[in-house]
Each structure stands twice: as structure tokens, then as C-alpha cells.
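What follows is work_12.tsv (TSV, C-alpha atoms).
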```
chain	number	residue	atom	x	y	z
A	1	MET	CA	-61.42	-61.71	-21.45
A	2	GLY	CA	-64.40	-60.42	-23.46
A	3	THR	CA	-64.84	-57.06	-25.14
A	4	LYS	CA	-66.81	-55.62	-22.23
A	5	GLU	CA	-64.17	-56.61	-19.67
A	6	GLN	CA	-61.33	-55.30	-21.83
A	7	LEU	CA	-63.19	-52.02	-22.32
A	8	LEU	CA	-63.75	-51.65	-18.59
A	9	ARG	CA	-60.06	-52.23	-17.92
A	10	LEU	CA	-59.18	-49.59	-20.52
A	11	LEU	CA	-61.59	-47.09	-18.95
A	12	GLU	CA	-60.22	-47.79	-15.47
A	13	GLU	CA	-56.64	-47.33	-16.64
A	14	ASN	CA	-57.64	-43.97	-18.17
A	15	ARG	CA	-60.09	-42.83	-15.51
A	16	GLU	CA	-58.73	-39.28	-15.51
A	17	ARG	CA	-59.14	-38.72	-19.26
A	18	TYR	CA	-61.37	-39.45	-22.26
A	19	VAL	CA	-60.51	-42.18	-24.77
A	20	SER	CA	-61.95	-42.08	-28.27
A	21	GLY	CA	-64.04	-44.93	-29.62
A	22	ALA	CA	-61.52	-45.39	-32.44
A	23	ALA	CA	-58.61	-45.67	-29.98
A	24	MET	CA	-60.56	-48.19	-27.88
A	25	ALA	CA	-61.45	-50.25	-30.92
A	26	GLN	CA	-57.81	-50.35	-32.01
A	27	ALA	CA	-56.52	-51.20	-28.52
A	28	ILE	CA	-59.01	-54.04	-28.06
A	29	GLY	CA	-59.02	-55.23	-31.65
A	30	VAL	CA	-62.74	-54.85	-32.36
A	31	SER	CA	-64.99	-52.57	-34.38
A	32	ARG	CA	-66.24	-49.19	-33.13
A	33	ASN	CA	-69.76	-50.65	-33.15
A	34	ALA	CA	-68.56	-53.39	-30.77
A	35	VAL	CA	-67.12	-50.68	-28.52
A	36	TRP	CA	-70.47	-48.86	-28.48
A	37	LYS	CA	-72.32	-52.10	-27.61
A	38	ALA	CA	-69.87	-52.81	-24.78
A	39	VAL	CA	-70.32	-49.27	-23.40
A	40	GLU	CA	-74.10	-49.73	-23.41
A	41	ALA	CA	-73.77	-53.11	-21.70
A	42	LEU	CA	-71.63	-51.57	-18.94
A	43	ARG	CA	-74.13	-48.74	-18.51
A	44	ALA	CA	-76.90	-51.31	-18.15
A	45	GLU	CA	-74.91	-52.87	-15.29
A	46	GLY	CA	-74.77	-49.52	-13.51
A	47	TYR	CA	-71.45	-48.04	-14.65
A	48	ALA	CA	-71.62	-44.29	-15.17
A	49	ILE	CA	-69.78	-43.65	-18.44
A	50	ASP	CA	-69.59	-40.12	-19.84
A	51	ALA	CA	-69.48	-39.57	-23.60
A	52	VAL	CA	-68.37	-36.30	-25.24
A	53	THR	CA	-68.31	-35.65	-28.98
A	54	ASN	CA	-64.79	-35.51	-30.41
A	55	LYS	CA	-63.34	-36.64	-27.07
A	56	GLY	CA	-64.70	-40.13	-26.48
A	57	TYR	CA	-65.65	-42.05	-23.35
A	58	ALA	CA	-64.62	-41.81	-19.69
A	59	LEU	CA	-65.73	-43.36	-16.43
A	60	SER	CA	-67.54	-40.80	-14.31
A	61	GLN	CA	-65.51	-39.68	-11.30
A	62	GLU	CA	-68.50	-40.60	-9.12
A	63	ASN	CA	-68.62	-44.17	-10.46
A	64	ASP	CA	-68.08	-46.42	-7.44
A	65	LEU	CA	-69.02	-49.87	-8.72
A	66	LEU	CA	-66.64	-52.64	-7.76
A	67	SER	CA	-64.82	-54.52	-10.51
A	68	PRO	CA	-61.62	-56.59	-10.82
A	69	GLN	CA	-60.30	-53.96	-13.22
A	70	GLY	CA	-61.07	-51.12	-10.82
A	71	ILE	CA	-59.38	-52.87	-7.89
A	72	GLU	CA	-56.34	-54.01	-9.88
A	73	ARG	CA	-55.77	-50.43	-10.99
A	74	PHE	CA	-54.58	-49.67	-7.45
A	75	LEU	CA	-52.58	-52.86	-6.86
A	76	PRO	CA	-48.82	-53.11	-7.46
A	77	PRO	CA	-47.53	-54.99	-10.52
A	78	GLY	CA	-47.09	-58.71	-9.95
A	79	HIS	CA	-49.66	-58.88	-7.16
A	80	PRO	CA	-50.75	-62.44	-6.20
A	81	PHE	CA	-54.52	-61.96	-6.34
A	82	ALA	CA	-57.11	-63.50	-8.68
A	83	ILE	CA	-60.13	-61.26	-8.08
A	84	SER	CA	-63.76	-62.10	-8.79
A	85	VAL	CA	-66.53	-59.56	-8.17
A	86	ARG	CA	-70.13	-60.71	-7.67
A	87	LYS	CA	-73.25	-58.58	-7.57
A	88	ARG	CA	-74.73	-60.69	-4.77
A	89	VAL	CA	-73.63	-63.73	-2.76
A	90	ASP	CA	-74.86	-65.39	0.39
A	91	SER	CA	-71.48	-64.71	2.01
A	92	THR	CA	-68.07	-64.01	0.51
A	93	ASN	CA	-66.56	-66.28	3.17
A	94	SER	CA	-68.91	-69.11	2.22
A	95	GLU	CA	-68.13	-68.66	-1.47
A	96	ALA	CA	-64.39	-68.53	-0.79
A	97	ARG	CA	-64.59	-71.67	1.34
A	98	ARG	CA	-66.43	-73.48	-1.45
A	99	ARG	CA	-63.73	-72.48	-3.90
A	100	ALA	CA	-60.94	-73.41	-1.47
A	101	ALA	CA	-62.45	-76.88	-1.06
A	102	GLU	CA	-62.41	-77.21	-4.85
A	103	GLY	CA	-58.69	-76.40	-4.93
A	104	ALA	CA	-58.67	-72.63	-5.56
A	105	PRO	CA	-55.12	-71.29	-5.15
A	106	GLU	CA	-53.97	-68.98	-2.40
A	107	GLY	CA	-54.74	-65.39	-3.30
A	108	THR	CA	-58.18	-66.11	-4.75
A	109	VAL	CA	-60.34	-63.13	-3.75
A	110	ILE	CA	-64.14	-62.94	-3.72
A	111	VAL	CA	-65.64	-59.44	-3.62
A	112	ALA	CA	-69.37	-58.71	-3.51
A	113	GLU	CA	-71.60	-55.67	-3.86
A	114	GLU	CA	-74.08	-57.29	-1.48
A	115	GLN	CA	-74.31	-60.26	0.90
A	116	THR	CA	-77.63	-61.89	1.71
A	117	ALA	CA	-76.24	-63.85	4.66
A	118	GLY	CA	-73.08	-62.00	5.70
A	119	LYS	CA	-71.24	-63.70	8.54
A	120	GLY	CA	-70.14	-62.18	11.83
A	121	ARG	CA	-68.76	-63.77	14.96
A	122	PRO	CA	-70.48	-67.07	15.95
A	123	GLY	CA	-74.22	-66.56	16.15
A	124	LYS	CA	-74.12	-63.12	14.49
A	125	THR	CA	-74.64	-61.74	11.00
A	126	PHE	CA	-72.98	-58.84	9.22
A	127	PHE	CA	-75.35	-56.29	7.69
A	128	SER	CA	-74.30	-56.11	4.03
A	129	PRO	CA	-76.54	-53.90	1.85
A	130	ALA	CA	-75.81	-53.25	-1.82
A	131	SER	CA	-73.68	-50.38	-3.09
A	132	SER	CA	-72.55	-48.91	0.23
A	133	GLY	CA	-70.11	-51.46	1.65
A	134	LEU	CA	-67.06	-53.49	0.75
A	135	TYR	CA	-67.26	-57.22	1.41
A	136	LEU	CA	-64.30	-59.41	0.47
A	137	SER	CA	-62.71	-62.73	1.36
A	138	ILE	CA	-59.29	-64.18	0.56
A	139	VAL	CA	-58.37	-67.85	0.20
A	140	LEU	CA	-55.21	-68.59	2.16
A	141	ARG	CA	-53.09	-71.70	2.54
A	142	PRO	CA	-50.95	-70.75	5.54
A	143	THR	CA	-48.20	-72.83	7.08
A	144	LEU	CA	-49.31	-71.34	10.39
A	145	ALA	CA	-50.39	-73.72	13.16
A	146	ALA	CA	-54.14	-73.63	13.68
A	147	ASP	CA	-53.75	-72.38	17.26
A	148	ARG	CA	-52.17	-69.25	15.79
A	149	GLY	CA	-55.19	-68.54	13.62
A	150	GLN	CA	-55.85	-65.35	15.55
A	151	PHE	CA	-52.67	-63.93	14.00
A	152	LEU	CA	-54.50	-63.83	10.64
A	153	THR	CA	-57.41	-61.90	12.15
A	154	CYS	CA	-55.13	-59.44	13.90
A	155	ALA	CA	-52.99	-58.90	10.80
A	156	ALA	CA	-56.17	-58.13	8.85
A	157	ALA	CA	-57.32	-55.70	11.55
A	158	VAL	CA	-54.06	-53.77	11.27
A	159	ALA	CA	-54.18	-53.85	7.46
A	160	GLY	CA	-57.81	-52.72	7.42
A	161	ALA	CA	-57.21	-49.85	9.83
A	162	GLN	CA	-54.14	-48.67	7.93
A	163	ALA	CA	-55.98	-48.91	4.60
A	164	ILE	CA	-58.90	-46.84	5.88
A	165	GLU	CA	-56.52	-44.12	7.04
A	166	GLN	CA	-54.55	-44.27	3.78
A	167	VAL	CA	-57.62	-43.87	1.56
A	168	THR	CA	-59.85	-41.59	3.65
A	169	GLY	CA	-57.57	-39.88	6.17
A	170	LYS	CA	-59.81	-40.98	9.06
A	171	GLU	CA	-58.25	-42.37	12.20
A	172	ALA	CA	-59.10	-46.07	12.58
A	173	LEU	CA	-58.79	-47.97	15.85
A	174	ILE	CA	-59.18	-51.65	16.73
A	175	LYS	CA	-61.57	-53.19	19.20
A	176	TRP	CA	-60.12	-56.53	20.26
A	177	VAL	CA	-60.19	-58.78	18.57
A	178	ASN	CA	-61.71	-58.31	15.15
A	179	ASP	CA	-63.52	-54.95	14.80
A	180	ILE	CA	-62.39	-51.60	13.38
A	181	TYR	CA	-63.82	-48.33	14.68
A	182	CYS	CA	-63.90	-44.77	13.36
A	183	ASP	CA	-65.36	-41.92	15.42
A	184	GLU	CA	-66.30	-44.40	18.17
A	185	ARG	CA	-68.49	-46.47	15.82
A	186	LYS	CA	-67.89	-49.90	14.31
A	187	VAL	CA	-67.14	-49.58	10.60
A	188	ALA	CA	-65.61	-52.98	9.85
A	189	GLY	CA	-65.54	-56.56	11.06
A	190	ILE	CA	-63.20	-59.47	10.33
A	191	LEU	CA	-63.92	-63.20	10.31
A	192	THR	CA	-61.34	-65.95	9.83
A	193	GLU	CA	-62.48	-69.50	9.12
A	194	GLY	CA	-60.54	-72.57	8.11
A	195	MET	CA	-60.16	-76.29	7.59
A	196	VAL	CA	-57.58	-77.96	9.84
A	197	ASP	CA	-55.62	-81.17	9.33
A	198	MET	CA	-56.18	-82.98	12.63
A	199	GLU	CA	-52.88	-84.90	12.45
A	200	SER	CA	-50.59	-81.95	11.79
A	201	GLY	CA	-52.66	-79.32	13.59
A	202	ARG	CA	-52.16	-76.99	10.64
A	203	PHE	CA	-54.51	-75.35	8.20
A	204	GLU	CA	-55.44	-77.13	5.00
A	205	HIS	CA	-56.83	-73.76	4.02
A	206	ALA	CA	-58.14	-70.62	5.67
A	207	VAL	CA	-60.50	-67.89	4.52
A	208	LEU	CA	-60.03	-64.33	5.73
A	209	GLY	CA	-63.11	-62.14	5.35
A	210	ILE	CA	-63.53	-58.43	5.99
A	211	GLY	CA	-66.64	-56.32	5.69
A	212	VAL	CA	-66.44	-52.51	5.69
A	213	ASN	CA	-69.29	-50.03	5.96
A	214	VAL	CA	-67.84	-47.54	3.48
A	215	LYS	CA	-70.85	-45.25	3.07
A	216	PRO	CA	-74.05	-44.78	5.09
A	217	PRO	CA	-76.69	-47.25	3.83
A	218	ALA	CA	-79.51	-45.63	1.84
A	219	ASP	CA	-82.12	-46.77	4.39
A	220	GLY	CA	-79.90	-46.47	7.47
A	221	PHE	CA	-78.67	-49.23	9.75
A	222	PRO	CA	-81.09	-51.73	11.32
A	223	ARG	CA	-82.41	-50.72	14.71
A	224	ASP	CA	-80.49	-53.44	16.58
A	225	ILE	CA	-77.10	-52.05	15.46
A	226	ALA	CA	-77.93	-48.39	14.80
A	227	ASP	CA	-76.39	-47.21	18.07
A	228	VAL	CA	-73.08	-49.00	17.37
A	229	ALA	CA	-72.58	-49.14	13.60
A	230	GLY	CA	-71.14	-46.34	11.51
A	231	ALA	CA	-69.61	-45.76	8.09
A	232	VAL	CA	-66.12	-44.71	7.10
A	233	LEU	CA	-67.44	-41.84	4.97
A	234	ASP	CA	-69.97	-39.29	6.17
A	235	ASP	CA	-72.07	-39.31	2.99
A	236	ARG	CA	-72.72	-41.44	-0.09
A	237	THR	CA	-70.64	-39.42	-2.56
A	238	GLY	CA	-67.16	-40.25	-3.82
A	239	ALA	CA	-65.60	-43.28	-5.47
A	240	VAL	CA	-63.28	-45.02	-3.01
A	241	ARG	CA	-64.36	-48.66	-2.72
A	242	CYS	CA	-62.00	-50.10	-5.35
A	243	GLU	CA	-59.08	-48.16	-3.94
A	244	LEU	CA	-59.93	-49.27	-0.40
A	245	ALA	CA	-60.20	-52.92	-1.48
A	246	ALA	CA	-56.77	-52.73	-3.11
A	247	ALA	CA	-55.23	-51.04	-0.07
A	248	ILE	CA	-56.60	-53.72	2.27
A	249	LEU	CA	-55.37	-56.54	0.04
A	250	ALA	CA	-51.90	-55.08	-0.45
A	251	ARG	CA	-51.35	-54.20	3.19
A	252	PHE	CA	-52.67	-57.54	4.43
A	253	TRP	CA	-50.45	-59.47	2.03
A	254	ASN	CA	-47.35	-57.62	3.22
A	255	LEU	CA	-48.14	-58.73	6.77
A	256	TYR	CA	-49.30	-62.22	5.83
A	257	ARG	CA	-46.00	-63.15	4.18
A	258	HIS	CA	-44.39	-63.16	7.65
A	259	VAL	CA	-47.50	-63.56	9.77
A	260	ALA	CA	-45.94	-66.06	12.18
A	261	ASP	CA	-43.44	-63.40	13.27
A	262	ALA	CA	-46.29	-61.15	14.48
A	263	SER	CA	-44.26	-58.13	13.41
A	264	PHE	CA	-47.51	-56.13	13.47
A	265	TYR	CA	-48.02	-56.69	17.23
A	266	ASP	CA	-46.93	-53.19	18.29
A	267	GLU	CA	-49.14	-51.58	15.68
A	268	TYR	CA	-52.13	-53.69	16.76
A	269	ARG	CA	-51.53	-52.85	20.40
A	270	ARG	CA	-51.19	-49.12	19.61
A	271	ARG	CA	-54.56	-49.10	17.91
A	272	CYS	CA	-56.33	-51.31	20.47
A	273	PHE	CA	-58.51	-48.80	22.32
A	274	LEU	CA	-59.74	-51.26	24.98
A	275	LEU	CA	-56.49	-51.28	26.96
A	276	GLY	CA	-56.95	-49.53	30.27
A	277	GLN	CA	-60.74	-49.47	29.91
A	278	PRO	CA	-63.40	-51.04	32.16
A	279	LEU	CA	-65.49	-53.54	30.25
A	280	VAL	CA	-67.90	-56.45	30.41
A	281	VAL	CA	-66.66	-59.85	29.24
A	282	ARG	CA	-69.19	-62.19	27.67
A	283	GLN	CA	-68.27	-65.84	27.26
A	284	GLY	CA	-71.28	-68.00	26.60
A	285	PRO	CA	-74.08	-67.05	28.98
A	286	SER	CA	-71.78	-65.43	31.57
A	287	ARG	CA	-71.11	-61.70	31.95
A	288	VAL	CA	-68.19	-60.52	34.08
A	289	ARG	CA	-66.99	-56.99	34.80
A	290	ALA	CA	-63.27	-56.48	34.33
A	291	ARG	CA	-60.60	-54.07	33.14
A	292	ALA	CA	-58.44	-54.62	30.07
A	293	VAL	CA	-54.83	-54.30	31.21
A	294	ASP	CA	-52.59	-55.94	28.63
A	295	LEU	CA	-52.23	-57.90	25.40
A	296	THR	CA	-50.11	-61.05	25.27
A	297	PRO	CA	-47.63	-61.65	22.41
A	298	ASP	CA	-50.14	-64.08	20.87
A	299	PHE	CA	-52.95	-61.49	21.04
A	300	LYS	CA	-54.85	-62.74	24.09
A	301	LEU	CA	-56.53	-59.95	26.00
A	302	VAL	CA	-55.44	-59.78	29.64
A	303	VAL	CA	-58.22	-58.61	31.94
A	304	GLU	CA	-58.19	-57.84	35.65
A	305	LEU	CA	-61.23	-59.02	37.59
A	306	PRO	CA	-62.74	-57.22	40.59
A	307	ASP	CA	-60.77	-59.48	42.98
A	308	LYS	CA	-57.53	-58.32	41.24
A	309	THR	CA	-56.87	-61.71	39.66
A	310	ARG	CA	-56.02	-61.70	35.97
A	311	ARG	CA	-57.25	-63.83	33.12
A	312	GLU	CA	-56.03	-64.24	29.55
A	313	LEU	CA	-58.86	-64.30	27.02
A	314	PRO	CA	-58.07	-66.14	23.76
A	315	TYR	CA	-61.46	-65.15	22.40
A	316	GLY	CA	-64.79	-63.79	23.54
A	317	GLU	CA	-67.00	-60.77	23.21
A	318	VAL	CA	-66.23	-57.70	25.26
A	319	SER	CA	-68.09	-54.44	25.61
A	320	THR	CA	-67.23	-51.08	27.10
A	321	ARG	CA	-70.93	-50.58	27.83
A	322	LEU	CA	-71.27	-51.52	31.47
A	323	THR	CA	-75.07	-51.45	31.64
```

Rewrite the structure of this file - the entire thing - as C-alpha cells.
Amino acid sequence: MGTKEQLLRLLEENRERYVSGAAMAQAIGVSRNAVWKAVEALRAEGYAIDAVTNKGYALSQENDLLSPQGIERFLPPGHPFAISVRKRVDSTNSEARRRAAEGAPEGTVIVAEEQTAGKGRPGKTFFSPASSGLYLSIVLRPTLAADRGQFLTCAAAVAGAQAIEQVTGKEALIKWVNDIYCDERKVAGILTEGMVDMESGRFEHAVLGIGVNVKPPADGFPRDIADVAGAVLDDRTGAVRCELAAAILARFWNLYRHVADASFYDEYRRRCFLLGQPLVVRQGPSRVRARAVDLTPDFKLVVELPDKTRRELPYGEVSTRLT
């Protein structure tokens, strides 16, 4: 770890107070001039670092850049994650899949400030502008059978909703199967991808991605999603993204360790706001009106059709907008 990275870790660990240049130099084992150069390098990358004579340096309370050091500050000791933060990637899921194919261990995490080709459900993208969202993917090597892959998505939905409430205090609900809503607007989406061994029917690896609209984008949401998309926070102030990333990772991992047991089923069902609602089911080119009436133990949505017959949906896009 270089001087700049060590300095950033030290600043994150002491975010609430100033640390003198001499104390930093001693802790890192470099000269005070090297400390000053590292501070300037971090400022050039966008970190807001306050400096006060006779007090030292401190990260500004409004600094909300993502960093491994900033995220790890909120994780418990002994956590299993190896976190990399990128300024820009095509897609954190794509990057994580590349690393998984190269043998990256379980718990490898890719976080990005911006995605140029963020992935959504098949055929869709995820709007991922710089500095306002949280986009992360985790490499997993589950023993779960591939036909239980939806358990990973649903565990992440529960973890994401709980993390949003923990960090911001806002109620977060789940739209089956992979979206999180606050104030009746979509604030997060989840995408699970994987490589399956055809003989065993089990994952060789899986990648779990989650994108969260933390703050309103500077230029607003694109017109095609502006009536649906929202942000967790009402304005662009505050520094919560590192804390939110850590909360999502920690909560997901607690569920993932026993994911096959689906112990989070009741919590998922409680947050699933579609149950009891009329909706339109889209599968391929077809559109069918129905009512969501139940959720099976393996997270299939049970819908009742106009003729009173019922169907279990393992996947598909549903909408409460009937027009």
C-alpha cells in the first residue's frame, strides 16, 4: 500500500478529528513532505481535505468519494471482502465476471463511481452517472444449485432495503423480484449473473450486482425513466455512500452464508409491496392483466388471472401501471 493509500486510510479512521502532519508522517513512516505531497494528490483526485494550522489535516464531513478505506471503516473486523474502487467502468458486473473467470476469490468486490454501460434486466441498462450513485458487484462461489439463483437476488434485495433504512432512516420496499423502492420510486436494482457447470447444475461462480441512486443526479434522470426513478436522499448533500456500501455488503453476507435456507423469506415477503395489487405481467411480447396473490417459498410470484386461474412466475417483468 502506497503513501497516498495509507494516508487516506488514516484520514478515514480519524474522520471526526484533525491529525497533524508530524503524527501522520510517524504513523506511515515517511517524511512530512511526503505527507504533504500525498494530501495534494488526494485533493487532485477530488477528496476534500481540510487543513488547519497547529491542528493538521481532516477529511471534510461533506467528502463523499468512494474508497476501499472509506468503506472498510464501516465494516466489522475480519470481514471477507477485497474491495477495489474504480472511477469508471463499463459495468461492475462485467468487471467482476472478468475477474471471476481469472480466478478471483469469493468476496472480491468491485465498486465504481460511474458506469458507462450499467446492466439492468435483460435488454435494459442501468443509468449510472458519476458521483451520485453506488454501483457495486460481488464475486461469489456458491454451493447453491443454479435453479436457486433467485435466492441470491432476493437476499440482496432484503440486504439492500435494510441497509438503506439503517443508513438513511427511509422506509425501503421491494418490487418483485429485484427492485427497491423508496417513496414509491425505484431507487435500486439488482442483477445476478453466473457461470454454471452443466454436469452438476451448480454455479462455477456468480456475480451479484446492485446499483443504488443515492442522490439526485446533477442533470436529473433521463426522460424515459424520470417518472419512475428516484433517489434515496432528497438532495446532493451529505456523505453516506461508503457507509451504505458497507451496510449492504455486511447485511448481504450475513444472509448469503445460509442462503439456501431462505431464512430471509418472511422479511422479503413483508417488504414486497406487489402482493394484493392488480398488475400487468410482461413475458416476452405478451401482456396479461392479473393480481399478485402470493409468493412461493422459492420466491416465485403467484398471480391470479381474470379467469381465476393461478400461475407461478419464476421471472418476468410486472407493472402496477395498468395503462

Which residues of stretch 248-308 of chain A have any atom within 12 Å of an atom in stretch 110-128 of chain A when counting only C-alpha atoms, and what is the closest pair of atoms for each, with the distance in Å to one decimal? Order the rows by chain and rising number and write it as a Markdown table.
```
| residue | atom | partner | partner_atom | distance |
| --- | --- | --- | --- | --- |
| A:Leu249 | CA | A:Val111 | CA | 11.3 |
| A:Gln283 | CA | A:Pro122 | CA | 11.6 |
| A:Gly284 | CA | A:Pro122 | CA | 10.7 |
```

TODO: To one decimal in Å, tell me the separation between atom CA of A:Ala58 and atom CA of A:Ser132.
DONE: 22.6 Å

Task: Nearest-residue call for A:Ser84, choices A:Thr309, A:Asn254, A:Ser137, A:Asn54, using only C-alpha atoms - done: A:Ser137

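The smallest atom-to-atom distance between A:Gly103 and any of A:Cys154, A:Leu301, A:Glu13, A:Glu204, using all atoms listed in the file, is found for A:Glu204.
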
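Going from atom CA of A:Leu295 to atom CA of A:Gln277 covers 12.8 Å.
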
Open item on the list: As an exercise, work out the distance from atom CA of A:Phe151 to atom CA of A:Ser67 in Å and give it to one decimal place.
Closed with: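 Distance reported for this atom pair: 28.9 Å.
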
TODO: For A:Phe81, please output as a PyMOL selection string all residues within 9 Å (counting only C-alpha atoms; exclusion window: fewer than 3 positions along the same chain).
DONE: chain A and resi 72+78+106-109+138+249

Open item on the list: For A:Val19, find every residue with an atom within 8 Å (counting all atoms listed in the file), except residues of its own chain fewer than 2 positions away, and show them as a PyMOL selection string.
Closed with: chain A and resi 11+14+17+21+23-24+55-58

Since we have the selection now, will you write its residues out, keeping C-alpha atoms, as a tab-separated table (two decimals), in the frame of the given file?
```
chain	number	residue	atom	x	y	z
A	11	LEU	CA	-61.59	-47.09	-18.95
A	14	ASN	CA	-57.64	-43.97	-18.17
A	17	ARG	CA	-59.14	-38.72	-19.26
A	21	GLY	CA	-64.04	-44.93	-29.62
A	23	ALA	CA	-58.61	-45.67	-29.98
A	24	MET	CA	-60.56	-48.19	-27.88
A	55	LYS	CA	-63.34	-36.64	-27.07
A	56	GLY	CA	-64.70	-40.13	-26.48
A	57	TYR	CA	-65.65	-42.05	-23.35
A	58	ALA	CA	-64.62	-41.81	-19.69
```

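For the choices A:Tyr135, A:Trp176, A:Trp36, A:Tyr315, the atom-to-atom distance to A:Val214 is smallest for A:Tyr135 when using all atoms listed in the file.
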
Task: Contact residues around A:Phe203 with all atoms listed in the file at 7 Å, ignoring same-chain residues under 6 positions, as number ranges by chain - done: A: 141-146, 194-197

Open item on the list: Please determine, counting all atoms listed in the file, which residue among A:Thr3, A:Thr53, A:Ser60, A:Thr237 has the shortest atom-to-atom distance to A:Glu16.
Closed with: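 Among A:Thr3, A:Thr53, A:Ser60, A:Thr237, it is A:Ser60 that comes nearest to A:Glu16.
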
Task: Spatial neighbours of A:Asp261, max dist 12 Å, all atoms listed in the file, sep filter under 5 positions, as an MDAnalysis selection string - done: chainID A and resid 144 148 151:152 155 255:256 266 297:298

TODO: Using only C-alpha atoms, find the one residue out of A:Gln69, A:Ser200, A:Asn213, A:Ser91 that sits nearest to A:Arg9.
DONE: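 Nearest candidate to A:Arg9 out of A:Gln69, A:Ser200, A:Asn213, A:Ser91: A:Gln69.
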
Open item on the list: Given all atoms listed in the file as the basis, pick out the residue of A:Leu75, A:Met198, A:Pro68, A:Gln150 nearest to A:Ala260.
Closed with: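 Ranking A:Leu75, A:Met198, A:Pro68, A:Gln150 by distance to A:Ala260, first place goes to A:Gln150.
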
- [ ] Show which residues sit within 10 Å of stretch 167-174 of chain A, as a PyMOL selection string. Count all atoms listed in the file, and ignore same-chain residues fewer than 5 positions away.
- [x] chain A and resi 154+157-158+160-162+179-189+214+232-233+240-241+243-245+247-248+268-274

Listed atoms of stretch 230-244 of chain A boxed along x, y and z, 5 Å each side, centre and edge lengths in Å, one decimal, as AutoDock Vina command-line options:
```
--center_x -65.9 --center_y -44.7 --center_z 3.0 --size_x 23.6 --size_y 20.8 --size_z 27.0
```

When you get a chance, write out N, CA and C atoms for stretch 65-78 of chain A, as a PDB file, in the frame of the given file.
```
ATOM      1  N   LEU A  65     -68.769 -48.442  -8.636  1.00  0.00           N
ATOM      2  CA  LEU A  65     -69.020 -49.870  -8.720  1.00  0.00           C
ATOM      3  C   LEU A  65     -67.710 -50.638  -8.567  1.00  0.00           C
ATOM      4  N   LEU A  66     -67.806 -51.791  -7.946  1.00  0.00           N
ATOM      5  CA  LEU A  66     -66.640 -52.640  -7.760  1.00  0.00           C
ATOM      6  C   LEU A  66     -66.413 -53.489  -9.009  1.00  0.00           C
ATOM      7  N   SER A  67     -65.173 -53.661  -9.387  1.00  0.00           N
ATOM      8  CA  SER A  67     -64.820 -54.520 -10.510  1.00  0.00           C
ATOM      9  C   SER A  67     -63.384 -54.988 -10.319  1.00  0.00           C
ATOM     10  N   PRO A  68     -63.034 -56.165 -10.884  1.00  0.00           N
ATOM     11  CA  PRO A  68     -61.620 -56.590 -10.820  1.00  0.00           C
ATOM     12  C   PRO A  68     -60.701 -55.548 -11.435  1.00  0.00           C
ATOM     13  N   GLN A  69     -61.144 -54.953 -12.547  1.00  0.00           N
ATOM     14  CA  GLN A  69     -60.300 -53.960 -13.220  1.00  0.00           C
ATOM     15  C   GLN A  69     -60.102 -52.726 -12.347  1.00  0.00           C
ATOM     16  N   GLY A  70     -61.173 -52.292 -11.676  1.00  0.00           N
ATOM     17  CA  GLY A  70     -61.070 -51.120 -10.820  1.00  0.00           C
ATOM     18  C   GLY A  70     -60.168 -51.348  -9.624  1.00  0.00           C
ATOM     19  N   ILE A  71     -60.226 -52.550  -9.046  1.00  0.00           N
ATOM     20  CA  ILE A  71     -59.380 -52.870  -7.890  1.00  0.00           C
ATOM     21  C   ILE A  71     -57.921 -53.031  -8.319  1.00  0.00           C
ATOM     22  N   GLU A  72     -57.712 -53.747  -9.425  1.00  0.00           N
ATOM     23  CA  GLU A  72     -56.340 -54.010  -9.880  1.00  0.00           C
ATOM     24  C   GLU A  72     -55.616 -52.735 -10.277  1.00  0.00           C
ATOM     25  N   ARG A  73     -56.376 -51.717 -10.643  1.00  0.00           N
ATOM     26  CA  ARG A  73     -55.770 -50.430 -10.990  1.00  0.00           C
ATOM     27  C   ARG A  73     -54.919 -49.873  -9.848  1.00  0.00           C
ATOM     28  N   PHE A  74     -55.282 -50.204  -8.615  1.00  0.00           N
ATOM     29  CA  PHE A  74     -54.580 -49.670  -7.450  1.00  0.00           C
ATOM     30  C   PHE A  74     -53.600 -50.664  -6.829  1.00  0.00           C
ATOM     31  N   LEU A  75     -53.494 -51.861  -7.409  1.00  0.00           N
ATOM     32  CA  LEU A  75     -52.580 -52.860  -6.860  1.00  0.00           C
ATOM     33  C   LEU A  75     -51.213 -52.770  -7.547  1.00  0.00           C
ATOM     34  N   PRO A  76     -50.160 -53.165  -6.844  1.00  0.00           N
ATOM     35  CA  PRO A  76     -48.820 -53.110  -7.460  1.00  0.00           C
ATOM     36  C   PRO A  76     -48.670 -54.179  -8.534  1.00  0.00           C
ATOM     37  N   PRO A  77     -47.778 -53.976  -9.489  1.00  0.00           N
ATOM     38  CA  PRO A  77     -47.530 -54.990 -10.520  1.00  0.00           C
ATOM     39  C   PRO A  77     -47.088 -56.304  -9.874  1.00  0.00           C
ATOM     40  N   GLY A  78     -47.511 -57.408 -10.461  1.00  0.00           N
ATOM     41  CA  GLY A  78     -47.090 -58.710  -9.950  1.00  0.00           C
ATOM     42  C   GLY A  78     -47.813 -59.135  -8.688  1.00  0.00           C
TER      43      GLY A  78
END
```
